[in-house]
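Engineer: My structure file upload.pdb, PDB, C-alpha atoms, pLDDT in the B column, is below:
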ATOM      1  CA  ALA A1091       6.434  14.022   7.285  1.00 64.00           C
ATOM      2  CA  GLN A1092       4.949  13.707   3.866  1.00 76.00           C
ATOM      3  CA  THR A1093       1.174  13.795   3.560  1.00 88.00           C
ATOM      4  CA  VAL A1094      -1.026  12.653   0.722  1.00 94.00           C
ATOM      5  CA  THR A1095      -4.552  13.991   0.308  1.00 94.00           C
ATOM      6  CA  GLN A1096      -7.357  12.563  -1.761  1.00 95.00           C
ATOM      7  CA  SER A1097     -10.279  14.939  -1.476  1.00 94.00           C
ATOM      8  CA  GLN A1098     -12.834  12.770  -3.287  1.00 95.00           C
ATOM      9  CA  PRO A1099     -14.032   9.915  -1.067  1.00 93.00           C
ATOM     10  CA  GLU A1100     -16.336   8.663  -3.828  1.00 96.00           C
ATOM     11  CA  MET A1101     -16.588   9.084  -7.568  1.00 97.00           C
ATOM     12  CA  SER A1102     -18.746   7.529 -10.241  1.00 97.00           C
ATOM     13  CA  VAL A1103     -18.409   7.283 -13.999  1.00 97.00           C
ATOM     14  CA  GLN A1104     -20.518   5.921 -16.802  1.00 97.00           C
ATOM     15  CA  GLU A1105     -19.070   2.927 -18.583  1.00 97.00           C
ATOM     16  CA  ALA A1106     -16.882   3.987 -21.552  1.00 97.00           C
ATOM     17  CA  GLU A1107     -16.568   7.532 -20.203  1.00 97.00           C
ATOM     18  CA  THR A1108     -13.525   9.237 -18.703  1.00 97.00           C
ATOM     19  CA  VAL A1109     -12.976  10.040 -15.038  1.00 97.00           C
ATOM     20  CA  THR A1110     -10.241  11.905 -13.187  1.00 98.00           C
ATOM     21  CA  LEU A1111      -9.245  11.184  -9.607  1.00 98.00           C
ATOM     22  CA  SER A1112      -7.458  13.904  -7.675  1.00 97.00           C
ATOM     23  CA  CYS A1113      -4.440  13.680  -5.415  1.00 97.00           C
ATOM     24  CA  THR A1114      -2.288  16.319  -3.781  1.00 97.00           C
ATOM     25  CA  TYR A1115       0.730  15.839  -1.576  1.00 96.00           C
ATOM     26  CA  ASP A1116       3.003  17.824   0.635  1.00 94.00           C
ATOM     27  CA  THR A1117       6.764  17.411   0.655  1.00 92.00           C
ATOM     28  CA  SER A1118       9.943  19.413   0.957  1.00 90.00           C
ATOM     29  CA  GLU A1119      11.883  16.965  -1.180  1.00 89.00           C
ATOM     30  CA  SER A1120      12.721  17.638  -4.801  1.00 88.00           C
ATOM     31  CA  ASP A1121      12.939  14.046  -5.992  1.00 88.00           C
ATOM     32  CA  TYR A1122      10.478  11.315  -5.164  1.00 91.00           C
ATOM     33  CA  TYR A1123       8.069   8.799  -6.660  1.00 91.00           C
ATOM     34  CA  LEU A1124       4.316   8.866  -6.937  1.00 94.00           C
ATOM     35  CA  PHE A1125       2.017   5.918  -7.460  1.00 94.00           C
ATOM     36  CA  TRP A1126      -1.590   5.048  -8.001  1.00 96.00           C
ATOM     37  CA  TYR A1127      -2.749   1.737  -6.572  1.00 94.00           C
ATOM     38  CA  LYS A1128      -6.065   0.009  -7.180  1.00 94.00           C
ATOM     39  CA  GLN A1129      -7.739  -2.038  -4.466  1.00 89.00           C
ATOM     40  CA  PRO A1130     -10.670  -4.101  -5.801  1.00 88.00           C
ATOM     41  CA  PRO A1131     -13.119  -5.887  -3.486  1.00 82.00           C
ATOM     42  CA  SER A1132     -10.587  -8.689  -3.135  1.00 76.00           C
ATOM     43  CA  ARG A1133      -8.547  -6.065  -1.188  1.00 76.00           C
ATOM     44  CA  GLN A1134      -5.309  -6.868  -2.984  1.00 80.00           C
ATOM     45  CA  MET A1135      -3.268  -3.767  -3.808  1.00 85.00           C
ATOM     46  CA  ILE A1136      -2.491  -3.559  -7.508  1.00 89.00           C
ATOM     47  CA  LEU A1137      -0.074  -1.055  -8.989  1.00 91.00           C
ATOM     48  CA  VAL A1138      -1.770   1.023 -11.683  1.00 95.00           C
ATOM     49  CA  ILE A1139       0.839   3.582 -12.630  1.00 94.00           C
ATOM     50  CA  ARG A1140       4.020   5.176 -11.359  1.00 93.00           C
ATOM     51  CA  GLN A1141       5.655   8.564 -11.912  1.00 93.00           C
ATOM     52  CA  GLU A1142       9.194   9.699 -11.173  1.00 90.00           C
ATOM     53  CA  ALA A1143       9.212  13.313 -10.032  1.00 91.00           C
ATOM     54  CA  TYR A1144      12.295  14.183 -12.089  1.00 88.00           C
ATOM     55  CA  LYS A1145      10.474  13.244 -15.288  1.00 87.00           C
ATOM     56  CA  GLN A1146       8.400  16.001 -16.819  1.00 84.00           C
ATOM     57  CA  GLN A1147       6.557  13.651 -19.113  1.00 91.00           C
ATOM     58  CA  ASN A1148       3.348  12.270 -17.662  1.00 94.00           C
ATOM     59  CA  ALA A1149       3.251   8.510 -17.240  1.00 92.00           C
ATOM     60  CA  THR A1150       0.774   6.490 -19.297  1.00 93.00           C
ATOM     61  CA  GLU A1151      -0.319   2.864 -19.047  1.00 92.00           C
ATOM     62  CA  ASN A1152      -2.938   1.930 -21.639  1.00 94.00           C
ATOM     63  CA  ARG A1153      -6.187   3.582 -20.500  1.00 96.00           C
ATOM     64  CA  PHE A1154      -4.561   5.089 -17.414  1.00 97.00           C
ATOM     65  CA  SER A1155      -2.623   8.334 -17.458  1.00 97.00           C
ATOM     66  CA  VAL A1156      -1.559  10.915 -14.938  1.00 97.00           C
ATOM     67  CA  ASN A1157      -1.420  14.688 -14.866  1.00 96.00           C
ATOM     68  CA  PHE A1158       1.632  15.463 -12.764  1.00 96.00           C
ATOM     69  CA  GLN A1159       1.981  19.098 -11.738  1.00 95.00           C
ATOM     70  CA  LYS A1160       5.130  19.248  -9.634  1.00 94.00           C
ATOM     71  CA  ALA A1161       4.908  22.909  -8.676  1.00 93.00           C
ATOM     72  CA  ALA A1162       1.327  22.480  -7.561  1.00 95.00           C
ATOM     73  CA  LYS A1163       2.136  19.125  -5.916  1.00 95.00           C
ATOM     74  CA  SER A1164      -0.738  17.543  -7.745  1.00 96.00           C
ATOM     75  CA  PHE A1165      -0.923  14.036  -9.199  1.00 96.00           C
ATOM     76  CA  SER A1166      -4.284  13.169 -10.734  1.00 97.00           C
ATOM     77  CA  LEU A1167      -5.225   9.902 -12.408  1.00 98.00           C
ATOM     78  CA  LYS A1168      -7.284   9.821 -15.581  1.00 98.00           C
ATOM     79  CA  ILE A1169      -9.084   6.657 -16.572  1.00 98.00           C
ATOM     80  CA  SER A1170     -10.290   6.635 -20.162  1.00 97.00           C
ATOM     81  CA  ASP A1171     -12.935   4.351 -21.634  1.00 97.00           C
ATOM     82  CA  SER A1172     -13.938   3.209 -18.129  1.00 97.00           C
ATOM     83  CA  GLN A1173     -14.790  -0.456 -17.734  1.00 97.00           C
ATOM     84  CA  LEU A1174     -16.793  -2.284 -15.103  1.00 96.00           C
ATOM     85  CA  GLY A1175     -13.602  -3.920 -13.886  1.00 94.00           C
ATOM     86  CA  ASP A1176     -12.199  -0.508 -13.006  1.00 96.00           C
ATOM     87  CA  ALA A1177     -14.570  -0.263 -10.054  1.00 96.00           C
ATOM     88  CA  ALA A1178     -12.381  -0.242  -6.944  1.00 95.00           C
ATOM     89  CA  MET A1179     -10.753   1.904  -4.302  1.00 93.00           C
ATOM     90  CA  TYR A1180      -7.901   3.936  -5.727  1.00 96.00           C
ATOM     91  CA  PHE A1181      -5.040   5.039  -3.528  1.00 94.00           C
ATOM     92  CA  CYS A1182      -2.484   7.680  -4.324  1.00 95.00           C
ATOM     93  CA  ALA A1183       0.926   7.075  -2.728  1.00 94.00           C
ATOM     94  CA  TYR A1184       4.206   8.908  -2.251  1.00 93.00           C
ATOM     95  CA  ARG A1185       7.643   7.480  -1.720  1.00 89.00           C
ATOM     96  CA  SER A1186      10.839   9.440  -1.251  1.00 84.00           C
ATOM     97  CA  LEU A1187      14.153   8.446  -2.783  1.00 79.00           C
ATOM     98  CA  THR A1188      15.659   7.764   0.597  1.00 76.00           C
ATOM     99  CA  GLY A1189      12.705   6.487   2.555  1.00 72.00           C
ATOM    100  CA  ASN A1190      11.585   2.927   3.080  1.00 73.00           C
ATOM    101  CA  GLN A1191       7.860   3.417   3.135  1.00 78.00           C
ATOM    102  CA  PHE A1192       4.936   4.579   1.121  1.00 85.00           C
ATOM    103  CA  TYR A1193       2.639   7.327   2.316  1.00 90.00           C
ATOM    104  CA  PHE A1194      -0.913   6.662   1.208  1.00 91.00           C
ATOM    105  CA  GLY A1195      -3.948   8.859   0.816  1.00 92.00           C
ATOM    106  CA  THR A1196      -7.294   7.808   2.243  1.00 90.00           C
ATOM    107  CA  GLY A1197      -8.543   6.560  -1.103  1.00 92.00           C
ATOM    108  CA  THR A1198     -11.275   7.278  -3.618  1.00 95.00           C
ATOM    109  CA  SER A1199     -14.011   4.724  -4.180  1.00 95.00           C
ATOM    110  CA  LEU A1200     -14.810   4.533  -7.885  1.00 97.00           C
ATOM    111  CA  THR A1201     -18.131   3.178  -9.105  1.00 97.00           C
ATOM    112  CA  VAL A1202     -18.614   2.372 -12.777  1.00 97.00           C
ATOM    113  CA  ILE A1203     -22.207   2.604 -13.939  1.00 96.00           C
ATOM    114  CA  PRO A1204     -23.224   0.228 -16.742  1.00 95.00           C
TER
ATOM    115  CA  ASN B1021       6.522 -16.238 -10.506  1.00 54.00           C
ATOM    116  CA  ALA B1022       4.029 -16.410  -7.667  1.00 69.00           C
ATOM    117  CA  GLY B1023       3.103 -13.134  -6.060  1.00 86.00           C
ATOM    118  CA  VAL B1024       3.383 -12.153  -2.429  1.00 92.00           C
ATOM    119  CA  MET B1025       1.551 -14.690  -0.297  1.00 93.00           C
ATOM    120  CA  GLN B1026      -0.120 -13.920   2.991  1.00 95.00           C
ATOM    121  CA  ASN B1027      -1.851 -16.262   5.354  1.00 96.00           C
ATOM    122  CA  PRO B1028      -4.233 -16.575   6.826  1.00 96.00           C
ATOM    123  CA  ARG B1029      -6.483 -14.369   4.704  1.00 94.00           C
ATOM    124  CA  HIS B1030      -8.905 -13.995   7.584  1.00 96.00           C
ATOM    125  CA  LEU B1031      -8.160 -14.323  11.266  1.00 97.00           C
ATOM    126  CA  VAL B1032     -10.537 -14.036  14.188  1.00 98.00           C
ATOM    127  CA  ARG B1033      -9.210 -13.630  17.695  1.00 97.00           C
ATOM    128  CA  ARG B1034     -10.705 -12.852  21.082  1.00 97.00           C
ATOM    129  CA  ARG B1035      -9.347 -10.026  23.161  1.00 97.00           C
ATOM    130  CA  GLY B1036      -6.149 -11.046  24.913  1.00 97.00           C
ATOM    131  CA  GLN B1037      -5.169 -13.726  22.430  1.00 98.00           C
ATOM    132  CA  GLU B1038      -2.166 -13.624  20.116  1.00 98.00           C
ATOM    133  CA  ALA B1039      -2.312 -13.102  16.367  1.00 98.00           C
ATOM    134  CA  ARG B1040       0.390 -14.326  13.988  1.00 98.00           C
ATOM    135  CA  LEU B1041       0.335 -13.102  10.420  1.00 98.00           C
ATOM    136  CA  ARG B1042       2.612 -14.622   7.808  1.00 98.00           C
ATOM    137  CA  CYS B1043       4.051 -13.175   4.644  1.00 97.00           C
ATOM    138  CA  SER B1044       6.036 -14.992   1.982  1.00 96.00           C
ATOM    139  CA  PRO B1045       7.670 -12.505  -0.380  1.00 94.00           C
ATOM    140  CA  MET B1046       7.949 -12.962  -4.082  1.00 90.00           C
ATOM    141  CA  LYS B1047      10.718 -15.278  -5.217  1.00 87.00           C
ATOM    142  CA  GLY B1048      14.010 -13.426  -5.249  1.00 84.00           C
ATOM    143  CA  HIS B1049      12.765 -10.646  -2.961  1.00 88.00           C
ATOM    144  CA  SER B1050      14.634 -10.164   0.298  1.00 88.00           C
ATOM    145  CA  HIS B1051      12.892  -7.038   1.563  1.00 90.00           C
ATOM    146  CA  VAL B1052       9.540  -7.073   3.316  1.00 93.00           C
ATOM    147  CA  TYR B1053       7.271  -4.258   4.444  1.00 93.00           C
ATOM    148  CA  TRP B1054       4.194  -4.445   6.659  1.00 96.00           C
ATOM    149  CA  TYR B1055       1.299  -2.002   6.461  1.00 95.00           C
ATOM    150  CA  ARG B1056      -1.948  -1.687   8.397  1.00 95.00           C
ATOM    151  CA  GLN B1057      -5.192  -0.453   6.928  1.00 92.00           C
ATOM    152  CA  LEU B1058      -7.874   0.607   9.369  1.00 88.00           C
ATOM    153  CA  PRO B1059     -11.469   0.848   8.104  1.00 81.00           C
ATOM    154  CA  GLU B1060     -12.045   3.856   5.849  1.00 76.00           C
ATOM    155  CA  GLU B1061      -8.345   4.745   5.863  1.00 80.00           C
ATOM    156  CA  GLY B1062      -5.308   4.345   3.650  1.00 82.00           C
ATOM    157  CA  LEU B1063      -2.436   2.019   4.396  1.00 88.00           C
ATOM    158  CA  LYS B1064      -0.040   3.042   7.144  1.00 91.00           C
ATOM    159  CA  PHE B1065       3.545   1.839   7.220  1.00 91.00           C
ATOM    160  CA  MET B1066       4.529  -0.318  10.173  1.00 95.00           C
ATOM    161  CA  VAL B1067       7.906  -1.944   9.625  1.00 95.00           C
ATOM    162  CA  TYR B1068      10.556  -2.729   7.023  1.00 93.00           C
ATOM    163  CA  LEU B1069      12.688  -5.856   7.298  1.00 93.00           C
ATOM    164  CA  GLN B1070      15.446  -7.561   5.436  1.00 91.00           C
ATOM    165  CA  LYS B1071      16.477 -11.115   6.128  1.00 89.00           C
ATOM    166  CA  GLU B1072      17.237 -11.367   9.868  1.00 89.00           C
ATOM    167  CA  ASN B1073      17.230  -7.581  10.284  1.00 93.00           C
ATOM    168  CA  ILE B1074      14.723  -4.914  11.184  1.00 94.00           C
ATOM    169  CA  ILE B1075      15.635  -1.858   9.151  1.00 91.00           C
ATOM    170  CA  ASP B1076      12.878   0.582  10.050  1.00 91.00           C
ATOM    171  CA  GLU B1077      10.184   0.028  12.649  1.00 92.00           C
ATOM    172  CA  SER B1078       9.133   3.630  13.027  1.00 90.00           C
ATOM    173  CA  GLY B1079       5.486   2.781  12.332  1.00 91.00           C
ATOM    174  CA  MET B1080       5.184  -0.056  14.801  1.00 94.00           C
ATOM    175  CA  PRO B1081       3.283   0.458  18.038  1.00 93.00           C
ATOM    176  CA  LYS B1082       5.714   0.343  20.937  1.00 90.00           C
ATOM    177  CA  GLU B1083       3.951  -2.461  22.765  1.00 94.00           C
ATOM    178  CA  ARG B1084       2.445  -5.823  21.823  1.00 97.00           C
ATOM    179  CA  PHE B1085       3.617  -5.710  18.183  1.00 97.00           C
ATOM    180  CA  SER B1086       6.723  -7.395  16.828  1.00 97.00           C
ATOM    181  CA  ALA B1087       7.990  -8.527  13.454  1.00 97.00           C
ATOM    182  CA  GLU B1088      10.655 -10.858  12.189  1.00 96.00           C
ATOM    183  CA  PHE B1089      11.994 -12.095   8.893  1.00 95.00           C
ATOM    184  CA  PRO B1090      14.165 -15.144   9.551  1.00 93.00           C
ATOM    185  CA  LYS B1091      16.807 -16.511   7.249  1.00 90.00           C
ATOM    186  CA  GLU B1092      14.448 -19.314   6.296  1.00 90.00           C
ATOM    187  CA  GLY B1093      10.691 -19.069   6.117  1.00 93.00           C
ATOM    188  CA  PRO B1094       8.143 -16.298   5.934  1.00 96.00           C
ATOM    189  CA  SER B1095       8.081 -12.969   7.667  1.00 97.00           C
ATOM    190  CA  ILE B1096       5.892 -12.957  10.760  1.00 98.00           C
ATOM    191  CA  LEU B1097       3.956 -10.060  12.243  1.00 98.00           C
ATOM    192  CA  ARG B1098       2.998 -10.916  15.798  1.00 98.00           C
ATOM    193  CA  ILE B1099       0.415  -9.112  17.874  1.00 98.00           C
ATOM    194  CA  GLN B1100       0.215 -10.104  21.507  1.00 97.00           C
ATOM    195  CA  GLN B1101      -2.831  -9.594  23.728  1.00 97.00           C
ATOM    196  CA  VAL B1102      -4.941  -8.266  20.898  1.00 97.00           C
ATOM    197  CA  VAL B1103      -7.516  -5.556  21.512  1.00 96.00           C
ATOM    198  CA  ARG B1104     -10.514  -4.544  19.427  1.00 95.00           C
ATOM    199  CA  GLY B1105      -8.582  -1.609  17.985  1.00 94.00           C
ATOM    200  CA  ASP B1106      -6.194  -4.046  16.322  1.00 96.00           C
ATOM    201  CA  SER B1107      -8.979  -5.101  13.952  1.00 96.00           C
ATOM    202  CA  ALA B1108      -7.736  -4.104  10.529  1.00 96.00           C
ATOM    203  CA  ALA B1109      -6.346  -5.386   7.259  1.00 94.00           C
ATOM    204  CA  TYR B1110      -2.615  -6.060   7.416  1.00 96.00           C
ATOM    205  CA  PHE B1111      -0.747  -5.948   4.144  1.00 94.00           C
ATOM    206  CA  CYS B1112       2.688  -7.220   3.359  1.00 95.00           C
ATOM    207  CA  ALA B1113       4.755  -5.979   0.424  1.00 92.00           C
ATOM    208  CA  SER B1114       8.084  -7.126  -0.921  1.00 91.00           C
ATOM    209  CA  SER B1115      10.796  -5.791  -3.170  1.00 86.00           C
ATOM    210  CA  PRO B1116      14.035  -7.216  -4.535  1.00 81.00           C
ATOM    211  CA  VAL B1117      16.202  -4.403  -3.186  1.00 70.00           C
ATOM    212  CA  GLY B1118      15.533  -1.744  -0.627  1.00 59.00           C
ATOM    213  CA  GLY B1119      16.016   1.331  -2.765  1.00 55.00           C
ATOM    214  CA  SER B1120      13.057   3.441  -3.703  1.00 54.00           C
ATOM    215  CA  LEU B1121      13.590   2.707  -7.378  1.00 57.00           C
ATOM    216  CA  GLU B1122      11.915  -0.589  -6.706  1.00 66.00           C
ATOM    217  CA  THR B1123       8.180  -0.829  -6.618  1.00 78.00           C
ATOM    218  CA  GLN B1124       6.760  -2.744  -3.720  1.00 83.00           C
ATOM    219  CA  TYR B1125       4.558  -5.679  -4.630  1.00 87.00           C
ATOM    220  CA  PHE B1126       1.631  -6.146  -2.285  1.00 89.00           C
ATOM    221  CA  GLY B1127       0.037  -9.315  -1.016  1.00 91.00           C
ATOM    222  CA  PRO B1128      -3.722  -9.835  -0.674  1.00 89.00           C
ATOM    223  CA  GLY B1129      -3.731  -8.908   2.998  1.00 92.00           C
ATOM    224  CA  THR B1130      -4.858 -10.554   6.216  1.00 96.00           C
ATOM    225  CA  ARG B1131      -8.068  -9.308   7.757  1.00 95.00           C
ATOM    226  CA  LEU B1132      -7.872  -9.501  11.503  1.00 97.00           C
ATOM    227  CA  LEU B1133     -11.054  -9.305  13.507  1.00 97.00           C
ATOM    228  CA  VAL B1134     -10.831  -9.054  17.272  1.00 97.00           C
ATOM    229  CA  LEU B1135     -13.998  -9.967  19.121  1.00 95.00           C
TER
END
Would you mind writing the file's structure down as structure tokens?
Structural biologist:
Amino acid sequence: AQTVTQSQPEMSVQEAETVTLSCTYDTSESDYYLFWYKQPPSRQMILVIRQEAYKQQNATENRFSVNFQKAAKSFSLKISDSQLGDAAMYFCAYRSLTGNQFYFGTGTSLTVIP
Amino acid sequence: NAGVMQNPRHLVRRRGQEARLRCSPMKGHSHVYWYRQLPEEGLKFMVYLQKENIIDESGMPKERFSAEFPKEGPSILRIQQVVRGDSAAYFCASSPVGGSLETQYFGPGTRLLVL
């Protein structure tokens, strides 16, 4: 089974600075999808960014970008110009092309310091 | 377009009681997924349903848990004879088709507390 590892239980960043959250995964598949979800205190899961494994270009969504290293099975999230509203739990997730489910990491709690 | 709706948002049950969690997918979505999030953990897949069909229940505990998605109405996750270990946040997600090209849209979750 696929596993997703987030090795940073907690991270903090100064407002307006940049922070990178790490994620590694294990799979024998060649094609799959990777996601970053944000879970604010309201607990709702919000999609931040998505990456297709067959695409070499790193996905970008405004202040959020990823560094996808397929050979290293690494998928880090970079948040630029951090804002107070970015404070949340961030979950990395994997989904295969044929599977029905997401595999989630254990999350990284991000604190933004004013 | 309203998002995925879940109710109740909070549910308190005593040991041995039944818990019913409801999920209304986004309009036009016919695929529903249930996940459980234990404290300090990520979400774990439980079951995937289409209208009137269970497609994948590989993550469901073998006993006391069941799920349905009838032709009309919301999807229901039912937990019979709850125990303290069932205390968790239960999330529902929906998608318009079942293929992995589709992102799953998550609801706000139901927090179940078993006393």
Engineer: Translate the ChimeraX specification (/B :<6) & /A into a concrete residue list for this structure, as a ChimeraX atom specification.
Structural biologist: /A:1134-1135,1187,1194-1196
Engineer: What's the 9 Å shell around Val1103 of chain B, counting only C-alpha atoms, without same-chain residues fewer than 3 positions away, as an MDAnalysis selection string?
Structural biologist: chainID B and resid 1034:1037 1100 1106:1107 1134:1135
Engineer: Would you pick out the contacts of Gln1159 of chain A at 10 Å or less, using all atoms listed in the file, so that residues sharing its chain but fewer than 3 positions from it are not included, and give the list as a PyMOL selection string?
Structural biologist: chain A and resi 1114+1143+1146+1148+1156+1162-1166
Engineer: Just to be explicit: take each residue in the selection above, keep C-alpha atoms, and write the result as a CSV table (one decimal), in the frame of the given file.
Structural biologist:
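For reference, again.csv as written:
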chain,number,residue,atom,x,y,z
A,1114,THR,CA,-2.3,16.3,-3.8
A,1143,ALA,CA,9.2,13.3,-10.0
A,1146,GLN,CA,8.4,16.0,-16.8
A,1148,ASN,CA,3.3,12.3,-17.7
A,1156,VAL,CA,-1.6,10.9,-14.9
A,1162,ALA,CA,1.3,22.5,-7.6
A,1163,LYS,CA,2.1,19.1,-5.9
A,1164,SER,CA,-0.7,17.5,-7.7
A,1165,PHE,CA,-0.9,14.0,-9.2
A,1166,SER,CA,-4.3,13.2,-10.7
Engineer: Of the candidates B:Ser1044, B:Asn1027, B:Ser1114, B:Ser1095, which one gets nearest to Glu1072 of chain B if we count all atoms listed in the file?
Structural biologist: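 Smallest separation from Glu1072 of chain B among the options: B:Ser1095.
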Engineer: Skipping near chain neighbours, those fewer than 3 positions away, what residues fall within 8 Å of Tyr1180 of chain A using all atoms listed in the file, listed as a list of chain:residue names?
Structural biologist: A:Trp1126, A:Tyr1127, A:Lys1128, A:Gln1129, A:Gly1197, A:Thr1198, A:Ser1199, A:Leu1200
Engineer: Find, counting all atoms listed in the file, the residue in A:Thr1201, A:Thr1095, A:Tyr1144, A:Glu1107 that gets nearest to Tyr1123 of chain A.
Structural biologist: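 Checking each of A:Thr1201, A:Thr1095, A:Tyr1144, A:Glu1107 against Tyr1123 of chain A, counting all atoms listed in the file, the winner is A:Tyr1144.
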Engineer: Hey, which of A:Ser1172, A:Glu1151, A:Cys1182, A:Asn1190 ends up closest to Ser1097 of chain A? Count all atoms listed in the file.
Structural biologist: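 Residue with the minimum atom-to-atom distance to Ser1097 of chain A: A:Cys1182.
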Engineer: Report, in Å with one decimal, the straight-line distance from atom CA of Pro1028 of chain B to atom CA of Arg1042 of chain B.
Structural biologist: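 Pair atom CA of Pro1028 of chain B / atom CA of Arg1042 of chain B returns 7.2 Å.
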Engineer: For this structure, which residues satisfy the selection - the PyMOL selection byres ((chain A and resi 1153) around 12) - when it is evaluated on the file as given? I want them as a ChimeraX atom specification.
Structural biologist: /A:1106-1110,1138-1139,1149-1152,1154-1156,1167-1173,1176
